[in-house]
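Coordinates as given in start05.cif (mmCIF, C-alpha atoms):
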```cif
data_coords
loop_
_atom_site.label_atom_id
_atom_site.label_comp_id
_atom_site.auth_asym_id
_atom_site.auth_seq_id
_atom_site.Cartn_x
_atom_site.Cartn_y
_atom_site.Cartn_z
CA MET A 1 154.95 175.14 30.47
CA PRO A 2 157.18 178.01 31.61
CA PRO A 3 159.61 177.25 34.44
CA PHE A 4 158.94 178.49 37.96
CA SER A 5 160.17 181.98 38.66
CA ASP A 6 162.49 182.47 41.59
CA ALA A 7 159.65 184.12 43.54
CA SER A 8 157.24 181.23 42.83
CA LEU A 9 159.82 178.63 43.82
CA TYR A 10 160.60 180.55 47.01
CA THR A 11 156.90 180.74 47.94
CA LEU A 12 156.42 177.02 47.20
CA THR A 13 159.41 176.15 49.38
CA LYS A 14 158.00 178.28 52.20
CA ARG A 15 154.63 176.55 51.96
CA LEU A 16 156.32 173.14 52.23
CA TYR A 17 157.51 173.99 55.74
CA SER A 18 153.97 174.62 56.98
CA ALA A 19 152.67 171.65 54.96
CA VAL A 20 155.00 169.32 56.90
CA GLU A 21 153.74 170.74 60.21
CA LEU A 22 150.14 170.35 59.10
CA PHE A 23 150.86 166.75 58.09
CA LEU A 24 152.33 166.06 61.54
CA GLY A 25 149.16 167.55 63.02
CA GLY A 26 147.16 165.09 60.94
CA LEU A 27 149.22 162.20 62.32
CA LEU A 28 148.53 163.47 65.84
CA LEU A 29 144.82 163.59 65.01
CA MET A 30 144.84 159.95 63.93
CA ALA A 31 146.90 158.90 66.97
CA LEU A 32 144.50 160.61 69.36
CA GLY A 33 141.56 159.10 67.50
CA LYS A 34 143.04 155.64 67.99
CA SER A 35 143.57 156.29 71.70
CA LEU A 36 139.97 157.50 72.17
CA PRO A 37 137.91 154.64 70.68
CA LEU A 38 134.68 155.76 72.36
CA LEU A 39 134.85 159.15 70.64
CA ILE A 40 135.84 157.69 67.27
CA ALA A 41 133.55 154.69 67.56
CA ASP A 42 132.45 154.60 63.93
CA PRO A 43 134.22 155.24 60.59
CA ALA A 44 131.95 158.26 60.13
CA ASN A 45 133.44 159.84 63.25
CA GLY A 46 136.94 159.48 61.85
CA TRP A 47 136.04 160.72 58.37
CA ILE A 48 134.38 163.85 59.72
CA ALA A 49 137.33 164.61 62.00
CA VAL A 50 139.85 164.10 59.18
CA GLY A 51 137.68 166.03 56.73
CA LEU A 52 137.42 169.06 59.00
CA TYR A 53 141.12 169.01 59.77
CA THR A 54 141.88 168.78 56.03
CA CYS A 55 139.72 171.85 55.36
CA ILE A 56 141.49 173.75 58.13
CA SER A 57 144.88 172.69 56.74
CA PHE A 58 143.91 173.85 53.25
CA LEU A 59 142.97 177.28 54.60
CA VAL A 60 146.20 177.51 56.57
CA ILE A 61 148.27 176.62 53.50
CA THR A 62 146.34 179.20 51.47
CA PHE A 63 146.69 182.11 53.88
CA TRP A 64 150.09 181.37 55.49
CA PRO A 65 152.79 181.34 52.78
CA TYR A 66 155.52 182.40 55.22
CA GLY A 67 157.33 179.21 56.09
CA SER A 68 157.10 177.43 59.43
CA LEU A 69 154.05 178.23 61.51
CA GLY A 70 155.87 179.33 64.63
CA TRP A 71 155.11 178.17 68.17
CA ALA A 72 152.01 180.30 68.68
CA ASN A 73 150.34 178.97 65.53
CA ARG A 74 151.46 175.45 66.36
CA VAL A 75 149.54 175.66 69.63
CA THR A 76 146.53 176.93 67.69
CA LEU A 77 146.98 174.00 65.29
CA LEU A 78 146.88 171.65 68.27
CA ARG A 79 143.55 173.27 69.18
CA ALA A 80 142.41 172.56 65.61
CA VAL A 81 143.22 168.87 66.12
CA LEU A 82 141.14 168.76 69.31
CA VAL A 83 138.23 170.65 67.74
CA SER A 84 138.28 168.29 64.74
CA LEU A 85 138.04 165.28 67.06
CA MET A 86 135.10 166.91 68.84
CA ALA A 87 133.35 167.52 65.52
CA GLY A 88 133.86 163.92 64.47
CA ALA A 89 132.46 162.58 67.76
CA LEU A 90 129.18 164.43 67.16
CA ALA A 91 128.34 162.04 64.32
CA ALA A 92 125.87 159.34 65.38
CA ASN A 93 126.01 160.81 68.92
CA ALA A 94 129.25 158.98 69.70
CA PHE A 95 130.16 161.78 72.13
CA VAL A 96 127.25 160.85 74.44
CA ALA A 97 128.92 157.62 75.54
CA ALA A 98 132.21 159.46 76.06
CA ILE A 99 130.89 162.79 77.28
CA TRP A 100 133.66 163.31 79.84
CA GLN A 101 136.36 162.69 77.23
CA TRP A 102 134.59 165.05 74.83
CA LEU A 103 134.35 167.74 77.49
CA ALA A 104 138.00 167.19 78.43
CA LEU A 105 139.01 167.95 74.83
CA ALA A 106 136.92 171.12 74.98
CA VAL A 107 138.51 172.21 78.27
CA ILE A 108 142.03 171.62 76.92
CA ALA A 109 141.14 173.57 73.77
CA LEU A 110 139.84 176.40 75.97
CA LEU A 111 142.99 176.46 78.13
CA LEU A 112 145.23 176.46 75.06
CA ASP A 113 143.30 179.49 73.81
CA GLY A 114 145.27 181.61 76.26
CA VAL A 115 148.57 179.85 75.62
CA ASP A 116 148.91 180.68 71.92
CA GLY A 117 148.30 184.38 72.54
CA TRP A 118 150.78 184.41 75.44
CA ILE A 119 153.45 182.78 73.25
CA ALA A 120 152.79 185.25 70.43
CA ARG A 121 153.27 188.17 72.81
CA ARG A 122 156.36 186.70 74.48
CA THR A 123 158.04 185.91 71.14
CA LYS A 124 156.74 189.10 69.45
CA SER A 125 155.30 186.94 66.68
CA HIS A 126 151.74 188.28 66.74
CA THR A 127 150.19 188.29 63.26
CA MET A 128 146.78 189.07 61.77
CA PHE A 129 146.65 185.48 60.51
CA GLY A 130 147.34 184.04 63.96
CA ALA A 131 144.66 186.21 65.56
CA ARG A 132 142.13 185.22 62.89
CA PHE A 133 143.08 181.53 63.12
CA ASP A 134 142.56 181.64 66.87
CA MET A 135 139.26 183.53 66.60
CA GLU A 136 137.78 181.18 64.00
CA LEU A 137 138.61 178.15 66.15
CA ASP A 138 136.94 179.83 69.13
CA ALA A 139 133.80 180.34 67.04
CA LEU A 140 133.86 176.75 65.79
CA LEU A 141 134.38 175.37 69.30
CA ILE A 142 131.36 177.30 70.60
CA LEU A 143 129.22 176.09 67.69
CA LEU A 144 130.20 172.47 68.38
CA LEU A 145 129.34 172.85 72.07
CA CYS A 146 125.94 174.24 71.06
CA ALA A 147 125.35 171.28 68.73
CA GLY A 148 126.32 168.91 71.53
CA LEU A 149 123.97 170.63 73.96
CA LEU A 150 121.14 170.49 71.44
CA ARG A 151 121.56 166.75 71.04
CA LEU A 152 122.20 165.97 74.69
CA GLU A 153 119.58 168.16 76.38
CA SER A 154 117.08 168.79 73.54
CA LEU A 155 116.77 172.46 74.47
CA GLY A 156 115.59 173.54 71.04
CA LEU A 157 117.19 175.01 67.94
CA TRP A 158 117.55 178.38 69.67
CA VAL A 159 120.70 176.98 71.32
CA LEU A 160 122.44 177.11 67.93
CA LEU A 161 122.04 180.90 67.95
CA ILE A 162 124.78 181.04 70.58
CA GLY A 163 127.29 179.52 68.19
CA GLY A 164 125.75 180.83 65.00
CA MET A 165 125.38 184.50 65.89
CA ARG A 166 128.91 185.43 64.87
CA TYR A 167 128.45 183.76 61.49
CA LEU A 168 125.17 185.63 61.02
CA PHE A 169 126.97 188.87 61.92
CA VAL A 170 129.68 188.20 59.34
CA ALA A 171 127.10 187.29 56.70
CA ALA A 172 125.16 190.48 57.44
CA GLY A 173 128.36 192.42 56.77
CA TRP A 174 128.26 191.21 53.17
CA TRP A 175 124.98 193.06 52.68
CA VAL A 176 125.40 196.03 55.04
CA SER A 177 128.85 197.47 54.49
CA TRP A 178 129.18 199.31 57.81
CA LEU A 179 128.76 196.04 59.72
CA SER A 180 132.03 194.80 58.24
CA LYS A 181 134.07 197.74 59.55
CA PRO A 182 136.76 196.94 62.16
CA LEU A 183 135.77 196.97 65.81
CA PHE A 184 137.75 198.38 68.73
CA GLU A 185 139.56 196.07 71.16
CA SER A 186 137.18 195.05 73.94
CA PHE A 187 137.68 193.18 77.20
CA ARG A 188 133.89 192.86 77.37
CA ARG A 189 133.87 190.91 74.11
CA LYS A 190 136.61 188.55 75.28
CA ALA A 191 135.01 188.00 78.69
CA ILE A 192 131.63 187.13 77.15
CA CYS A 193 133.32 184.73 74.73
CA VAL A 194 134.95 182.93 77.66
CA TRP A 195 131.64 182.88 79.57
CA GLN A 196 129.90 181.30 76.57
CA VAL A 197 132.33 178.41 76.57
CA VAL A 198 132.26 177.99 80.36
CA ALA A 199 128.45 178.14 80.49
CA LEU A 200 128.11 175.60 77.68
CA LEU A 201 130.65 173.26 79.28
CA LEU A 202 128.80 173.39 82.60
CA ALA A 203 125.48 172.85 80.85
CA LEU A 204 126.86 169.76 79.11
CA THR A 205 128.14 167.96 82.20
CA PRO A 206 126.02 164.97 83.29
CA LEU A 207 125.99 166.44 86.80
CA THR A 208 123.94 169.46 85.65
CA SER A 209 120.15 169.24 85.71
CA HIS A 210 118.07 169.98 82.63
CA LEU A 211 116.76 173.19 84.21
CA MET A 212 120.22 174.43 85.12
CA SER A 213 121.48 173.57 81.62
CA SER A 214 118.67 175.68 80.19
CA LEU A 215 119.49 178.61 82.47
CA LEU A 216 123.19 178.45 81.64
CA ALA A 217 122.46 178.37 77.92
CA ILE A 218 120.03 181.29 78.25
CA SER A 219 122.64 183.30 80.16
CA ALA A 220 125.16 182.66 77.38
CA LEU A 221 122.65 183.73 74.73
CA LEU A 222 121.56 186.89 76.56
CA SER A 223 125.13 188.00 77.21
CA LEU A 224 125.95 187.39 73.56
CA LEU A 225 122.92 189.36 72.39
CA TYR A 226 124.03 192.26 74.57
CA SER A 227 127.60 192.10 73.23
CA PHE A 228 126.59 191.95 69.57
CA GLY A 229 123.90 194.57 70.12
CA PHE A 230 126.45 196.98 71.60
CA ASP A 231 128.86 196.40 68.71
CA VAL A 232 126.15 196.88 66.07
CA TRP A 233 125.04 200.09 67.78
CA TRP A 234 128.65 201.36 67.89
CA LEU A 235 129.24 200.52 64.21
CA TYR A 236 125.99 202.23 63.27
CA ARG A 237 127.00 205.40 65.12
CA GLN A 238 130.39 205.36 63.40
CA ALA A 239 128.71 204.97 60.00
CA LYS A 240 126.34 207.89 60.69
CA ARG A 241 129.26 210.16 61.62
CA THR A 242 130.95 209.52 58.29
#
```
Could I get this structure in the form of C-alpha cells?
Amino acid sequence: MPPFSDASLYTLTKRLYSAVELFLGGLLLMALGKSLPLLIADPANGWIAVGLYTCISFLVITFWPYGSLGWANRVTLLRAVLVSLMAGALAANAFVAAIWQWLALAVIALLLDGVDGWIARRTKSHTMFGARFDMELDALLILLLCAGLLRLESLGLWVLLIGGMRYLFVAAGWWVSWLSKPLFESFRRKAICVWQVVALLLALTPLTSHLMSSLLAISALLSLLYSFGFDVWWLYRQAKRT
C-alpha cells in the first residue's frame, strides 16, 4: 500500500479536529438523554437519536474537511443534538408523556437558529456548508414537528406535506433541471419558515384545542404552498427567458 501523500495526511489531520468535536457532541447527546428519562424512555428512543446523530456526523465529516468547525457550526451542531433527541422521542410515542420537554427542545433549537447565523456574520466565517447545514436542520425540525402533530392530534397525513414539501421540491429538481437552479435571497421565504415552526409548536401544545391545531397547521401549509408556488413560478420564468 503506498504511503499517504502530504496532501492526504494534511486532509486527514484536518478531519480529526472536526471528528473530535462531533464526538463531544455525541457525548452531550447521551448526557442529555440520561437527564431526560421521559423522552428517552425506551432503548429504541436512544438508538434512533444516536443513529440520526451518527448520520449527521458522517455527513459533516464528509463535507467539512477544513479542520475545526468554528463557533457558528458548533452552535448548529448543538441544534443537531437537540433535533436528534426529538427524533428519538417520537419512537413509541415517548414524546407524548414528555410533551413540554419535547417542545422545549424544539424552542431552543428554533432560538439557536438565529444564533449560528449571527455568529457567522460577526466572525465573518459564513460558508456555503454552514448555510446548508443550518437549512437542512431547519427542514428536519419542521418534519419532526409535523410527525409529532400527526401522532398527537391525528390530523391526517396531509400534515406531513408541511415538512415534506421541501424534500419533494428537491426531488423534483432531479427530473426538471430548471427547478434546481439557485433562488434569490428572500425575506418572505425566511419569514414563512419561521411561521411554520411557530404554528406547529402552538398546534402541539396541550393547551391548544383540536380545532385550533387544525387551523394553525392549515395556515402553515397554505403559506408554504404560496411560498413554493412563487418560487416555482419565478424559476419557470427564468428558464423561459434563457
Practice prompt. Run the PyMOL selection byres ((chain A and resi 203-220) around 12) on the file and write out the hits as a count of residues only.
Written response: 53
Item to complete: I need the residue set behind the PyMOL selection byres ((chain A and resi 82) around 8) for this file; please write it as a ChimeraX atom specification.
Response: /A:29,78-81,83-86,105-106,109
Practice prompt. Kindly give the distance, in Å, that separates atom CA of A:Leu235 and atom CA of A:Pro182, rounded to a single decimal.
Written response: 8.6 Å
Wanna dump the stretch 10-69 of chain A-stretch 123-139 of chain A contacts at 9 Å for me, each residue with its shortest atom pair and the distance in Å to one decimal, counting only C-alpha atoms, ordered by chain and number, as a tab-separated table?
```
residue	atom	partner	partner_atom	distance
A:Val60	CA	A:Phe133	CA	8.3
A:Phe63	CA	A:Phe129	CA	7.4
A:Trp64	CA	A:Phe129	CA	7.3
```
Worksheet entry | Output check: residues returned by the PyMOL selection byres ((chain A and resi 88) around 7), as an NGL selection string | :A and (45-46 or 48-49 or 84-87 or 89-91)
Worksheet, complete the sentence: In Å and to one decimal, atom CA of A:Ala44 is distant from atom CA of A:Ala94 by 10.0 Å
Worksheet item: If you measure from atom CA of A:Gly164 to atom CA of A:Leu140, what distance in Å do you get, rounded to one decimal?
Response: 9.1 Å
Discussion item. As an NGL selection string, please: the residues near A:Asp116 (cut-off 8 Å, all atoms listed in the file, same-chain neighbours under 4 positions excluded).
Written reply: :A and (71-73 or 75-76 or 112 or 120)
Write out, as a PDB file, in the frame of the given file, the residues just selected, with C-alpha atoms.
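Contents of selection_32.pdb, as written:
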```pdb
ATOM      1  CA  TRP A  71     155.110 178.170  68.170  1.00  0.00           C
ATOM      2  CA  ALA A  72     152.010 180.300  68.680  1.00  0.00           C
ATOM      3  CA  ASN A  73     150.340 178.970  65.530  1.00  0.00           C
ATOM      4  CA  VAL A  75     149.540 175.660  69.630  1.00  0.00           C
ATOM      5  CA  THR A  76     146.530 176.930  67.690  1.00  0.00           C
ATOM      6  CA  LEU A 112     145.230 176.460  75.060  1.00  0.00           C
ATOM      7  CA  ALA A 120     152.790 185.250  70.430  1.00  0.00           C
TER       8      ALA A 120
END
```
As JSON, please: the centre and edge lengths in Å, to one decimal, of an axis-aligned box enclosing every listed atom of stretch 172-179 of chain A with 6 Å added on each side.
```
{"center_x": 127.1, "center_y": 194.9, "center_z": 56.2, "size_x": 16.2, "size_y": 20.8, "size_z": 19.0}
```
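For the set A:Pro37, A:Gly51, A:Gly67, A:Gly114, the residue with the smallest atom-to-atom gap to A:Ala19 is A:Gly67, counting all atoms listed in the file.
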Practice prompt. Measuring atom to atom with all atoms listed in the file, identify which of A:Ile108, A:Trp234, A:Tyr167, A:Ile61 is nearest to A:Leu183.
Written response: A:Trp234
Item to complete: For A:Tyr66, list every protein, DNA or RNA residue within 9 Å, evaluated using only C-alpha atoms, and leave out those in the same chain fewer than 2 positions away; present the list as a ChimeraX atom specification.
Response: /A:11,14-15,17-18,63-64,68-69
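Minimum atom-to-atom distances from A:Val115, A:Leu77, A:Ala239, A:Ile56 to A:Val176 were compared using all atoms listed in the file, and the lowest value belongs to A:Ala239.
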